[in-house]
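Engineer: Below you'll find final.pdb; it's PDB, C-alpha atoms.
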ATOM      1  CA  MET Z   1       2.313   6.377  18.841
ATOM      2  CA  HIS Z   2       2.669   2.952  17.167
ATOM      3  CA  THR Z   3       3.659   1.400  20.523
ATOM      4  CA  ILE Z   4       0.370   2.186  22.300
ATOM      5  CA  ARG Z   5      -1.352  -1.056  23.267
ATOM      6  CA  ASN Z   6      -3.923   0.238  25.746
ATOM      7  CA  THR Z   7      -5.735   3.594  25.640
ATOM      8  CA  LEU Z   8      -7.706   5.121  28.506
ATOM      9  CA  VAL Z   9     -10.769   7.072  27.353
ATOM     10  CA  VAL Z  10     -12.296   9.364  29.994
ATOM     11  CA  MET Z  11     -16.054   9.458  29.476
ATOM     12  CA  ASP Z  12     -18.584  12.016  30.747
ATOM     13  CA  SER Z  13     -22.231  11.018  30.587
ATOM     14  CA  GLN Z  14     -23.193  14.727  30.710
ATOM     15  CA  GLN Z  15     -21.330  15.473  27.453
ATOM     16  CA  PRO Z  16     -21.912  14.176  23.894
ATOM     17  CA  GLU Z  17     -19.664  11.158  23.451
ATOM     18  CA  ASP Z  18     -19.138  11.410  19.675
ATOM     19  CA  LEU Z  19     -16.262  13.888  19.924
ATOM     20  CA  ILE Z  20     -14.035  11.823  22.195
ATOM     21  CA  LEU Z  21     -15.044   8.411  20.824
ATOM     22  CA  ASN Z  22     -14.251   9.473  17.255
ATOM     23  CA  ARG Z  23     -10.681  10.237  18.356
ATOM     24  CA  ALA Z  24     -10.506   6.976  20.313
ATOM     25  CA  ARG Z  25     -11.752   4.964  17.305
ATOM     26  CA  MET Z  26      -9.208   6.567  14.993
ATOM     27  CA  ILE Z  27      -6.266   5.926  17.337
ATOM     28  CA  ALA Z  28      -7.374   2.365  18.158
ATOM     29  CA  SER Z  29      -7.794   1.567  14.461
ATOM     30  CA  ALA Z  30      -4.318   2.897  13.655
ATOM     31  CA  THR Z  31      -2.500   1.332  16.620
ATOM     32  CA  GLN Z  32      -4.651  -1.771  17.241
ATOM     33  CA  SER Z  33      -4.824  -0.703  20.890
ATOM     34  CA  HIS Z  34      -7.396  -1.799  23.459
ATOM     35  CA  LEU Z  35      -9.830   0.888  24.656
ATOM     36  CA  HIS Z  36     -10.592   1.194  28.377
ATOM     37  CA  LEU Z  37     -13.537   3.491  29.102
ATOM     38  CA  LEU Z  38     -13.599   5.293  32.452
ATOM     39  CA  VAL Z  39     -16.266   7.342  34.209
ATOM     40  CA  CYS Z  40     -15.044   9.312  37.255
ATOM     41  CA  ASP Z  41     -17.967   9.546  39.674
ATOM     42  CA  LYS Z  42     -18.498   8.534  43.302
ATOM     43  CA  ARG Z  43     -22.246   9.167  43.452
ATOM     44  CA  LEU Z  44     -24.332   8.235  40.407
ATOM     45  CA  LYS Z  45     -24.296   4.807  38.815
ATOM     46  CA  HIS Z  46     -23.180   4.743  35.179
ATOM     47  CA  SER Z  47     -23.164   1.004  34.473
ATOM     48  CA  SER Z  48     -25.944   1.256  31.874
ATOM     49  CA  TYR Z  49     -24.233   4.130  30.075
ATOM     50  CA  LEU Z  50     -20.886   2.310  30.036
ATOM     51  CA  ASP Z  51     -22.490  -0.935  28.878
ATOM     52  CA  ASP Z  52     -24.068   0.887  25.932
ATOM     53  CA  MET Z  53     -20.759   2.523  24.946
ATOM     54  CA  ARG Z  54     -18.805  -0.697  25.368
ATOM     55  CA  GLY Z  55     -21.360  -2.726  23.420
ATOM     56  CA  ALA Z  56     -21.432  -0.277  20.511
ATOM     57  CA  LEU Z  57     -17.634  -0.232  20.213
ATOM     58  CA  ALA Z  58     -17.401  -4.018  20.510
ATOM     59  CA  LYS Z  59     -19.895  -4.403  17.635
ATOM     60  CA  GLU Z  60     -17.586  -2.219  15.547
ATOM     61  CA  GLY Z  61     -14.775  -4.687  16.190
ATOM     62  CA  PHE Z  62     -12.852  -2.842  18.885
ATOM     63  CA  SER Z  63     -11.343  -4.489  21.964
ATOM     64  CA  VAL Z  64     -12.945  -2.577  24.824
ATOM     65  CA  SER Z  65     -13.487  -2.649  28.592
ATOM     66  CA  ALA Z  66     -15.105  -0.167  30.962
ATOM     67  CA  GLN Z  67     -15.271   0.887  34.603
ATOM     68  CA  GLN Z  68     -16.616   3.512  36.957
ATOM     69  CA  ALA Z  69     -14.260   4.575  39.747
ATOM     70  CA  TRP Z  70     -13.430   7.334  42.201
ATOM     71  CA  HIS Z  71     -10.184   8.155  44.028
ATOM     72  CA  GLU Z  72     -10.516  11.515  45.817
ATOM     73  CA  SER Z  73     -10.620  13.643  42.619
ATOM     74  CA  PRO Z  74     -11.073  13.226  38.855
ATOM     75  CA  TYR Z  75      -7.385  13.523  37.971
ATOM     76  CA  LYS Z  76      -6.340  11.056  40.689
ATOM     77  CA  THR Z  77      -9.006   8.635  39.472
ATOM     78  CA  ILE Z  78      -7.734   8.903  35.901
ATOM     79  CA  ILE Z  79      -4.118   8.322  36.946
ATOM     80  CA  ALA Z  80      -5.072   5.352  39.133
ATOM     81  CA  ALA Z  81      -6.882   3.733  36.180
ATOM     82  CA  GLN Z  82      -4.040   4.574  33.793
ATOM     83  CA  GLN Z  83      -1.564   2.829  36.075
ATOM     84  CA  ALA Z  84      -3.800  -0.156  36.839
ATOM     85  CA  GLU Z  85      -4.595  -0.799  33.173
ATOM     86  CA  GLY Z  86      -1.106   0.000  31.863
ATOM     87  CA  CYS Z  87      -2.440   2.606  29.448
ATOM     88  CA  GLY Z  88       0.074   4.304  27.173
ATOM     89  CA  LEU Z  89      -2.284   7.181  26.340
ATOM     90  CA  VAL Z  90      -5.079   9.052  28.096
ATOM     91  CA  ILE Z  91      -7.788  10.734  25.999
ATOM     92  CA  LYS Z  92      -9.970  13.354  27.673
ATOM     93  CA  GLN Z  93     -12.350  16.017  26.437
ATOM     94  CA  HIS Z  94     -11.578  19.567  27.591
ATOM     95  CA  LEU Z  95     -14.237  21.986  28.742
ATOM     96  CA  PRO Z  96     -13.291  25.677  29.215
ATOM     97  CA  ASP Z  97     -12.546  26.584  32.817
ATOM     98  CA  ASN Z  98     -14.356  29.347  34.676
ATOM     99  CA  PRO Z  99     -11.860  32.286  34.746
ATOM    100  CA  LEU Z 100     -12.743  33.195  38.347
ATOM    101  CA  ALA Z 101     -12.535  29.604  39.574
ATOM    102  CA  LYS Z 102      -9.175  29.208  37.801
ATOM    103  CA  THR Z 103      -7.686  32.007  39.914
ATOM    104  CA  LEU Z 104      -8.709  30.235  43.121
ATOM    105  CA  LEU Z 105      -8.321  26.535  42.297
ATOM    106  CA  THR Z 106      -5.996  24.595  40.007
ATOM    107  CA  PRO Z 107      -8.169  23.212  37.152
ATOM    108  CA  GLU Z 108      -8.474  19.419  36.995
ATOM    109  CA  ASP Z 109      -7.075  19.267  33.459
ATOM    110  CA  TRP Z 110      -3.980  21.191  34.607
ATOM    111  CA  LYS Z 111      -3.425  18.655  37.379
ATOM    112  CA  LEU Z 112      -3.862  15.806  34.927
ATOM    113  CA  LEU Z 113      -1.228  17.288  32.598
ATOM    114  CA  ARG Z 114       1.151  17.783  35.526
ATOM    115  CA  TYR Z 115       0.868  14.416  37.186
ATOM    116  CA  CYS Z 116      -0.190  11.832  34.594
ATOM    117  CA  PRO Z 117       2.807   9.639  33.657
ATOM    118  CA  SER Z 118       1.505   8.863  30.170
ATOM    119  CA  PRO Z 119       0.915  11.225  27.225
ATOM    120  CA  VAL Z 120      -2.441  12.999  27.435
ATOM    121  CA  LEU Z 121      -4.591  13.863  24.429
ATOM    122  CA  ILE Z 122      -6.981  16.704  25.192
ATOM    123  CA  VAL Z 123      -9.834  16.699  22.682
ATOM    124  CA  LYS Z 124     -11.236  20.142  21.918
ATOM    125  CA  THR Z 125     -12.677  20.139  18.411
ATOM    126  CA  ALA Z 126     -14.435  17.959  15.857
ATOM    127  CA  MET Z 127     -11.963  19.000  13.160
ATOM    128  CA  PRO Z 128     -10.800  15.825  11.365
ATOM    129  CA  TRP Z 129      -7.134  14.903  11.632
ATOM    130  CA  THR Z 130      -7.280  13.167   8.243
ATOM    131  CA  GLY Z 131      -5.508  15.358   5.716
ATOM    132  CA  GLY Z 132      -5.090  18.086   8.335
ATOM    133  CA  THR Z 133      -2.192  20.064   9.755
ATOM    134  CA  ILE Z 134      -0.252  18.593  12.674
ATOM    135  CA  LEU Z 135       1.729  21.281  14.521
ATOM    136  CA  THR Z 136       4.644  20.367  16.797
ATOM    137  CA  ALA Z 137       5.968  22.999  19.203
ATOM    138  CA  VAL Z 138       9.528  22.724  20.544
ATOM    139  CA  ASP Z 139      11.734  25.013  22.623
ATOM    140  CA  VAL Z 140      15.084  24.609  20.881
ATOM    141  CA  GLY Z 141      16.559  27.379  23.011
ATOM    142  CA  ASN Z 142      16.908  24.686  25.694
ATOM    143  CA  ASP Z 143      19.559  22.403  24.242
ATOM    144  CA  ASP Z 144      20.442  20.099  27.147
ATOM    145  CA  ILE Z 145      20.149  16.352  26.562
ATOM    146  CA  GLY Z 146      16.793  16.085  28.384
ATOM    147  CA  HIS Z 147      15.179  18.752  26.222
ATOM    148  CA  ARG Z 148      16.689  17.327  23.020
ATOM    149  CA  VAL Z 149      15.135  13.947  23.818
ATOM    150  CA  LEU Z 150      11.800  15.617  24.570
ATOM    151  CA  HIS Z 151      11.937  17.631  21.331
ATOM    152  CA  ALA Z 152      12.628  14.470  19.330
ATOM    153  CA  GLY Z 153       9.697  12.755  21.061
ATOM    154  CA  ILE Z 154       7.341  15.655  20.287
ATOM    155  CA  VAL Z 155       8.248  15.788  16.594
ATOM    156  CA  SER Z 156       8.329  11.977  16.330
ATOM    157  CA  HIS Z 157       4.766  11.724  17.668
ATOM    158  CA  GLY Z 158       3.668  14.486  15.302
ATOM    159  CA  TYR Z 159       5.364  12.711  12.400
ATOM    160  CA  ASP Z 160       3.678   9.387  13.236
ATOM    161  CA  ILE Z 161       0.258  11.005  13.488
ATOM    162  CA  ALA Z 162       0.737  12.952  10.259
ATOM    163  CA  GLN Z 163       1.684   9.680   8.533
ATOM    164  CA  LEU Z 164      -1.303   7.819   9.995
ATOM    165  CA  ALA Z 165      -3.757  10.605   9.164
ATOM    166  CA  GLY Z 166      -2.320  11.577   5.805
ATOM    167  CA  GLY Z 167      -1.715  15.050   7.230
ATOM    168  CA  THR Z 168       0.983  17.690   6.924
ATOM    169  CA  LEU Z 169       3.624  18.076   9.651
ATOM    170  CA  HIS Z 170       4.714  21.543  10.779
ATOM    171  CA  MET Z 171       7.240  22.515  13.478
ATOM    172  CA  MET Z 172       7.510  25.773  15.399
ATOM    173  CA  SER Z 173       9.686  27.365  18.061
ATOM    174  CA  ALA Z 174       9.269  30.708  19.816
ATOM    175  CA  HIS Z 175      12.444  32.708  20.380
ATOM    176  CA  PRO Z 176      13.005  35.514  22.912
ATOM    177  CA  TYR Z 177      13.199  39.217  22.197
ATOM    178  CA  PRO Z 178      16.703  40.704  21.732
ATOM    179  CA  MET Z 179      18.541  41.526  24.961
ATOM    180  CA  LEU Z 180      20.999  44.372  24.422
ATOM    181  CA  GLY Z 181      22.668  43.666  27.753
ATOM    182  CA  SER Z 182      23.248  39.976  27.001
ATOM    183  CA  HIS Z 183      26.815  38.688  27.363
ATOM    184  CA  ASP Z 184      26.211  36.541  24.278
ATOM    185  CA  PRO Z 185      26.158  38.719  21.130
ATOM    186  CA  VAL Z 186      23.876  36.143  19.428
ATOM    187  CA  PHE Z 187      21.014  37.235  21.693
ATOM    188  CA  GLN Z 188      21.491  40.953  21.096
ATOM    189  CA  LEU Z 189      19.957  41.024  17.615
ATOM    190  CA  LYS Z 190      16.704  39.543  16.332
ATOM    191  CA  GLU Z 191      18.335  38.276  13.130
ATOM    192  CA  SER Z 192      21.102  36.405  14.944
ATOM    193  CA  ILE Z 193      18.632  34.893  17.417
ATOM    194  CA  GLU Z 194      16.419  33.647  14.597
ATOM    195  CA  ASP Z 195      19.427  32.234  12.739
ATOM    196  CA  PHE Z 196      20.505  30.422  15.910
ATOM    197  CA  TYR Z 197      17.056  28.885  16.381
ATOM    198  CA  ARG Z 198      16.855  27.813  12.744
ATOM    199  CA  THR Z 199      20.251  26.145  13.056
ATOM    200  CA  GLN Z 200      19.069  24.345  16.189
ATOM    201  CA  CYS Z 201      16.099  22.969  14.217
ATOM    202  CA  LYS Z 202      18.179  21.524  11.351
ATOM    203  CA  THR Z 203      18.685  18.090  12.930
ATOM    204  CA  LEU Z 204      14.951  17.626  13.588
ATOM    205  CA  GLN Z 205      14.109  18.918  10.112
ATOM    206  CA  SER Z 206      16.472  16.428   8.532
ATOM    207  CA  GLU Z 207      15.280  13.467  10.616
ATOM    208  CA  PHE Z 208      11.563  14.079  10.038
ATOM    209  CA  ASN Z 209      11.632  15.566   6.522
ATOM    210  CA  ILE Z 210      10.428  19.050   7.488
ATOM    211  CA  ASP Z 211      11.343  21.662   4.902
ATOM    212  CA  ASP Z 212      11.781  25.365   5.662
ATOM    213  CA  GLU Z 213       8.271  26.123   4.393
ATOM    214  CA  HIS Z 214       6.864  24.024   7.237
ATOM    215  CA  LEU Z 215       9.180  25.478   9.905
ATOM    216  CA  HIS Z 216       7.970  28.491  11.895
ATOM    217  CA  ILE Z 217      10.492  30.443  14.005
ATOM    218  CA  GLU Z 218       8.917  33.550  15.494
ATOM    219  CA  GLU Z 219       9.660  36.108  18.175
ATOM    220  CA  GLY Z 220       7.551  36.165  21.312
ATOM    221  CA  SER Z 221       6.142  34.131  24.172
ATOM    222  CA  ALA Z 222       5.343  30.477  23.450
ATOM    223  CA  ASP Z 223       2.003  30.614  25.244
ATOM    224  CA  LEU Z 224       0.882  33.370  22.853
ATOM    225  CA  LEU Z 225       2.565  32.183  19.660
ATOM    226  CA  ILE Z 226       1.495  28.525  19.777
ATOM    227  CA  PRO Z 227      -2.268  29.314  19.631
ATOM    228  CA  GLN Z 228      -1.649  32.036  17.014
ATOM    229  CA  ILE Z 229       0.325  29.773  14.687
ATOM    230  CA  ALA Z 230      -2.082  26.868  15.243
ATOM    231  CA  HIS Z 231      -4.949  29.198  14.268
ATOM    232  CA  ARG Z 232      -3.086  30.522  11.235
ATOM    233  CA  LEU Z 233      -2.401  26.990   9.996
ATOM    234  CA  SER Z 234      -5.877  25.699  10.950
ATOM    235  CA  ALA Z 235      -4.080  22.947  12.869
ATOM    236  CA  ALA Z 236      -6.144  19.886  13.755
ATOM    237  CA  LEU Z 237      -3.667  18.808  16.444
ATOM    238  CA  THR Z 238      -0.888  20.554  18.355
ATOM    239  CA  VAL Z 239       1.819  18.429  20.016
ATOM    240  CA  ILE Z 240       3.710  20.036  22.899
ATOM    241  CA  GLY Z 241       5.848  19.120  25.908
ATOM    242  CA  ASN Z 242       5.223  19.730  29.584
ATOM    243  CA  VAL Z 243       7.868  19.742  32.328
ATOM    244  CA  ALA Z 244       5.294  19.211  35.129
ATOM    245  CA  ARG Z 245       6.531  22.311  36.942
ATOM    246  CA  THR Z 246       4.786  22.756  40.297
ATOM    247  CA  GLY Z 247       4.962  24.850  43.445
ATOM    248  CA  LEU Z 248       6.045  28.507  43.423
ATOM    249  CA  SER Z 249       8.045  27.983  40.214
ATOM    250  CA  GLY Z 250       4.900  26.832  38.443
ATOM    251  CA  VAL Z 251       2.908  29.797  39.750
ATOM    252  CA  LEU Z 252       5.490  32.394  38.697
ATOM    253  CA  ILE Z 253       6.626  30.921  35.388
ATOM    254  CA  GLY Z 254       3.596  28.936  34.368
ATOM    255  CA  ASN Z 255       3.380  25.774  32.313
ATOM    256  CA  THR Z 256       2.831  26.497  28.632
ATOM    257  CA  ALA Z 257       0.706  23.378  28.163
ATOM    258  CA  GLU Z 258      -1.699  24.552  30.850
ATOM    259  CA  MET Z 259      -1.759  28.199  29.811
ATOM    260  CA  ILE Z 260      -2.793  27.473  26.217
ATOM    261  CA  LEU Z 261      -5.497  24.861  26.878
ATOM    262  CA  ASP Z 262      -8.363  27.340  26.653
ATOM    263  CA  THR Z 263      -6.901  29.454  23.824
ATOM    264  CA  LEU Z 264      -5.866  26.671  21.435
ATOM    265  CA  GLU Z 265      -8.433  25.932  18.731
ATOM    266  CA  SER Z 266      -7.065  22.442  18.077
ATOM    267  CA  ASP Z 267      -6.752  19.168  19.939
ATOM    268  CA  VAL Z 268      -3.549  19.026  21.974
ATOM    269  CA  LEU Z 269      -1.250  16.086  22.747
ATOM    270  CA  VAL Z 270       0.997  16.679  25.771
ATOM    271  CA  LEU Z 271       4.220  14.724  26.363
ATOM    272  CA  LYS Z 272       6.739  14.742  29.233
ATOM    273  CA  PRO Z 273      10.489  14.099  29.565
ATOM    274  CA  ASP Z 274      11.449  10.534  30.513
ATOM    275  CA  ASP Z 275      12.869  11.461  33.939
ATOM    276  CA  ILE Z 276       9.622  13.142  34.941
ATOM    277  CA  ILE Z 277       7.569  10.186  33.669
ATOM    278  CA  THR Z 278       9.662   7.833  35.813
ATOM    279  CA  HIS Z 279       9.097   9.921  38.917
ATOM    280  CA  LEU Z 280       5.377  10.345  38.282
ATOM    281  CA  GLU Z 281       5.058   6.585  37.949
ATOM    282  CA  GLU Z 282       6.777   6.237  41.339
ATOM    283  CA  LEU Z 283       4.354   8.718  42.866
ATOM    284  CA  ALA Z 284       1.372   6.914  41.374
ATOM    285  CA  ALA Z 285       2.537   3.541  42.691
ATOM    286  CA  PRO Z 286       1.138   2.041  45.942
ATOM    287  CA  ALA Z 287       2.470   3.475  49.198
ATOM    288  CA  GLN Z 288       6.091   2.629  49.942
ATOM    289  CA  SER Z 289       8.006   2.176  53.164
ATOM    290  CA  PRO Z 290       8.964   5.320  55.165
ATOM    291  CA  THR Z 291      12.525   5.073  53.788
ATOM    292  CA  ALA Z 292      11.326   4.952  50.185
ATOM    293  CA  GLN Z 293       8.896   7.802  50.788
ATOM    294  CA  ALA Z 294      11.706   9.920  52.223
ATOM    295  CA  ALA Z 295      13.796   9.236  49.124
ATOM    296  CA  LEU Z 296      10.962  10.319  46.824
ATOM    297  CA  ALA Z 297      10.471  13.525  48.801
ATOM    298  CA  THR Z 298      14.000  14.655  47.883
ATOM    299  CA  TRP Z 299      13.290  14.706  44.152
ATOM    300  CA  PRO Z 300      13.374  18.253  42.645
ATOM    301  CA  TYR Z 301       9.829  18.059  41.282
ATOM    302  CA  ASN Z 302       8.448  17.075  44.682
ATOM    303  CA  HIS Z 303       4.658  17.033  44.399
ATOM    304  CA  HIS Z 304       4.008  16.100  48.009
ATOM    305  CA  ASN Z 305       4.689  19.670  49.135
ATOM    306  CA  HIS Z 306       2.523  21.216  46.440
ATOM    307  CA  LYS Z 307      -0.878  22.236  47.748
ATOM    308  CA  LEU Z 308      -3.527  21.166  45.273
TER     309      LEU Z 308
END
Take the structure I supplied and represent it as structure tokens, if you would.
Structural biologist:
Amino acid sequence: MHTIRNTLVVMDSQQPEDLILNRARMIASATQSHLHLLVCDKRLKHSSYLDDMRGALAKEGFSVSAQQAWHESPYKTIIAAQQAEGCGLVIKQHLPDNPLAKTLLTPEDWKLLRYCPSPVLIVKTAMPWTGGTILTAVDVGNDDIGHRVLHAGIVSHGYDIAQLAGGTLHMMSAHPYPMLGSHDPVFQLKESIEDFYRTQCKTLQSEFNIDDEHLHIEEGSADLLIPQIAHRLSAALTVIGNVARTGLSGVLIGNTAEMILDTLESDVLVLKPDDIITHLEELAAPAQSPTAQAALATWPYNHHNHKL
């Protein structure tokens, strides 16, 4: 969080701007980052609106710029601006999706979480972060090097924010139900599964000073438990990871970050593994030669074949 030098703030002239600008002010004040305001619209002119927002922030002492742009869709416009401006964070307000529309079309915020190379902060509430609870959610059942790096990044961001906001850091992980037919006896009993998950959390607890009182290991599905625990703790912010799963795998398994957007009662910061960030940056770059395009198409998380 301390390394952010440029923050993209997605503005909507149809929504009150206080909610998202309050978060942008807080982050810019803590990180000394530049704020770049963006309106995604191909029809109406928003120069007056952007000038007012930019002028007000500049008077408060913030470094700020603004633009209106359009590149096929809102999420593509946001990613294009994020890449062009070199933004290390995207801040966007979330509005609940229509349940019927969600079954027919992939929501724009879901696409943004899947394809944006930078961390994305989805603003949902006016609850102050100052002195609040910061909840980090990790899946320590996945212990490969990529997931360990992602887990460390999630808790590290949560730790930084808790330090900046004078808040309290919590960590949680959801473990599976016992499987009597499992070849591994650890996963046959609830007690042994929980003990395994707690052991897996010890390194992160030690590194980020999280005691057992602030560690939550519970049985169930992550997409159900994360909102429940966030509600129980009155979390102001929940920090989670997203593997940018797409295609049939994404439809069948689902991405936790997407599934909990509407049910979470806190703001949510979504991070991605480094290998996925690298590939998303390649996809967001200007068109390459046919040879380079063919090479990109072989990557396992190939987005070109995913119908949006």
Engineer: Could you state which residues are captured by the PyMOL selection byres ((chain Z and resi 91-96) around 10) in this file, as an mmCIF file with C-alpha atoms, keeping the file's coordinate frame?
Structural biologist:
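The result, written out as out_39.cif:
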data_model
loop_
_atom_site.group_PDB
_atom_site.id
_atom_site.type_symbol
_atom_site.label_atom_id
_atom_site.label_comp_id
_atom_site.auth_asym_id
_atom_site.auth_seq_id
_atom_site.Cartn_x
_atom_site.Cartn_y
_atom_site.Cartn_z
ATOM 1 C CA THR Z 7 -5.735 3.594 25.640
ATOM 2 C CA LEU Z 8 -7.706 5.121 28.506
ATOM 3 C CA VAL Z 9 -10.769 7.072 27.353
ATOM 4 C CA VAL Z 10 -12.296 9.364 29.994
ATOM 5 C CA MET Z 11 -16.054 9.458 29.476
ATOM 6 C CA ASP Z 12 -18.584 12.016 30.747
ATOM 7 C CA GLN Z 15 -21.330 15.473 27.453
ATOM 8 C CA GLU Z 17 -19.664 11.158 23.451
ATOM 9 C CA LEU Z 19 -16.262 13.888 19.924
ATOM 10 C CA ILE Z 20 -14.035 11.823 22.195
ATOM 11 C CA LEU Z 21 -15.044 8.411 20.824
ATOM 12 C CA ARG Z 23 -10.681 10.237 18.356
ATOM 13 C CA ALA Z 24 -10.506 6.976 20.313
ATOM 14 C CA LEU Z 37 -13.537 3.491 29.102
ATOM 15 C CA ILE Z 78 -7.734 8.903 35.901
ATOM 16 C CA LEU Z 89 -2.284 7.181 26.340
ATOM 17 C CA VAL Z 90 -5.079 9.052 28.096
ATOM 18 C CA ASP Z 97 -12.546 26.584 32.817
ATOM 19 C CA ASN Z 98 -14.356 29.347 34.676
ATOM 20 C CA PRO Z 99 -11.860 32.286 34.746
ATOM 21 C CA PRO Z 107 -8.169 23.212 37.152
ATOM 22 C CA GLU Z 108 -8.474 19.419 36.995
ATOM 23 C CA ASP Z 109 -7.075 19.267 33.459
ATOM 24 C CA LEU Z 112 -3.862 15.806 34.927
ATOM 25 C CA PRO Z 119 0.915 11.225 27.225
ATOM 26 C CA VAL Z 120 -2.441 12.999 27.435
ATOM 27 C CA LEU Z 121 -4.591 13.863 24.429
ATOM 28 C CA ILE Z 122 -6.981 16.704 25.192
ATOM 29 C CA VAL Z 123 -9.834 16.699 22.682
ATOM 30 C CA LYS Z 124 -11.236 20.142 21.918
ATOM 31 C CA THR Z 125 -12.677 20.139 18.411
ATOM 32 C CA LEU Z 261 -5.497 24.861 26.878
ATOM 33 C CA ASP Z 262 -8.363 27.340 26.653
ATOM 34 C CA THR Z 263 -6.901 29.454 23.824
ATOM 35 C CA ASP Z 267 -6.752 19.168 19.939
ATOM 36 C CA VAL Z 268 -3.549 19.026 21.974
ATOM 37 C CA LEU Z 269 -1.250 16.086 22.747
#
Engineer: Apply the PyMOL selection byres ((chain Z and resi 271) around 6) to the displayed file and report the matching residues as a VMD selection string.
Structural biologist: chain Z and resid 119 241 270 272
Engineer: Which value, in Å to one decimal, gives the distance between CA of Thr31 (chain Z) and CA of Ser156 (chain Z)?
Structural biologist: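 Answer for the CA of Thr31 (chain Z) to CA of Ser156 (chain Z) separation: 15.2 Å.
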Engineer: Grab the CA of Glu219 (chain Z) to CA of Asn142 (chain Z) distance for me, in Å with one decimal place.
Structural biologist: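 Between CA of Glu219 (chain Z) and CA of Asn142 (chain Z) the gap is 15.5 Å.
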Engineer: Any idea what the distance is between CA of Met171 (chain Z) and CA of Ile229 (chain Z)?
Structural biologist: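 Interatomic distance, CA of Met171 (chain Z) to CA of Ile229 (chain Z): 10.1 Å.
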Engineer: What does the PyMOL selection byres ((chain Z and resi 230-236) around 7) select in this file, as a list in words?
Structural biologist: Met127, Pro128, Trp129, Gly132, Thr133, Ile134, Leu135, Ile226, Pro227, Gln228, Ile229, Leu237, Thr238, Glu265, Ser266 and Asp267 of chain Z
Engineer: Check the smallest atom-to-atom distance from each of Z:Pro273, Z:Leu225, Z:Ile240, Z:Arg54 to Pro117 (chain Z) using only C-alpha atoms, then report the winner.
Structural biologist: Z:Pro273
Engineer: For each of Z:Leu57, Z:Ile161, Z:Leu215, Z:Val138, take the minimum atom-to-atom distance to Asn22 (chain Z), counting all atoms listed in the file, then give the residue where this is smallest.
Structural biologist: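 The shortest atom-to-atom distance to Asn22 (chain Z) comes from Z:Leu57.
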Engineer: Nearest to Asp41 (chain Z) among Z:Lys76, Z:Lys190, Z:Arg114, Z:His216, with distances taken over all atoms listed in the file: which residue is it?
Structural biologist: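 The shortest atom-to-atom distance to Asp41 (chain Z) comes from Z:Lys76.
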Engineer: Please list as a short mmCIF file (atom, residue, chain, number, x, y, z; two decimals) with C-alpha atoms, in the frame of the given file every residue within 7 Å of Asn6 (chain Z), counting only C-alpha atoms and excluding residues in the same chain fewer than 5 positions away.
Structural biologist:
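Output file selection.cif follows:
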data_model
loop_
_atom_site.label_atom_id
_atom_site.label_comp_id
_atom_site.auth_asym_id
_atom_site.auth_seq_id
_atom_site.Cartn_x
_atom_site.Cartn_y
_atom_site.Cartn_z
CA SER Z 33 -4.82 -0.70 20.89
CA HIS Z 34 -7.40 -1.80 23.46
CA LEU Z 35 -9.83 0.89 24.66
CA GLY Z 86 -1.11 0.00 31.86
CA CYS Z 87 -2.44 2.61 29.45
CA GLY Z 88 0.07 4.30 27.17
#
Engineer: Tell me which residues come within 12 Å of (19.3, 19.7, 16.0), as a ChimeraX atom specification, counting all atoms listed in the file in the file's coordinates.
Structural biologist: /Z:138-145,147-149,151-152,155,196-208
Engineer: Could you check the closest approach to Leu150 (chain Z) for each of Z:Ile193, Z:Ala137, Z:Met259, Z:Ala162 and tell me which residue wins, using all atoms listed in the file?
Structural biologist: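 Among Z:Ile193, Z:Ala137, Z:Met259, Z:Ala162, it is Z:Ala137 that comes nearest to Leu150 (chain Z).
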Engineer: Excluding Tyr177 (chain Z) and its own-chain neighbours fewer than 6 positions away, which residues fall within 10 Å of it when counting only C-alpha atoms? Please give them as a VMD selection string.
Structural biologist: chain Z and resid 187 to 190 193 to 194 218 to 221
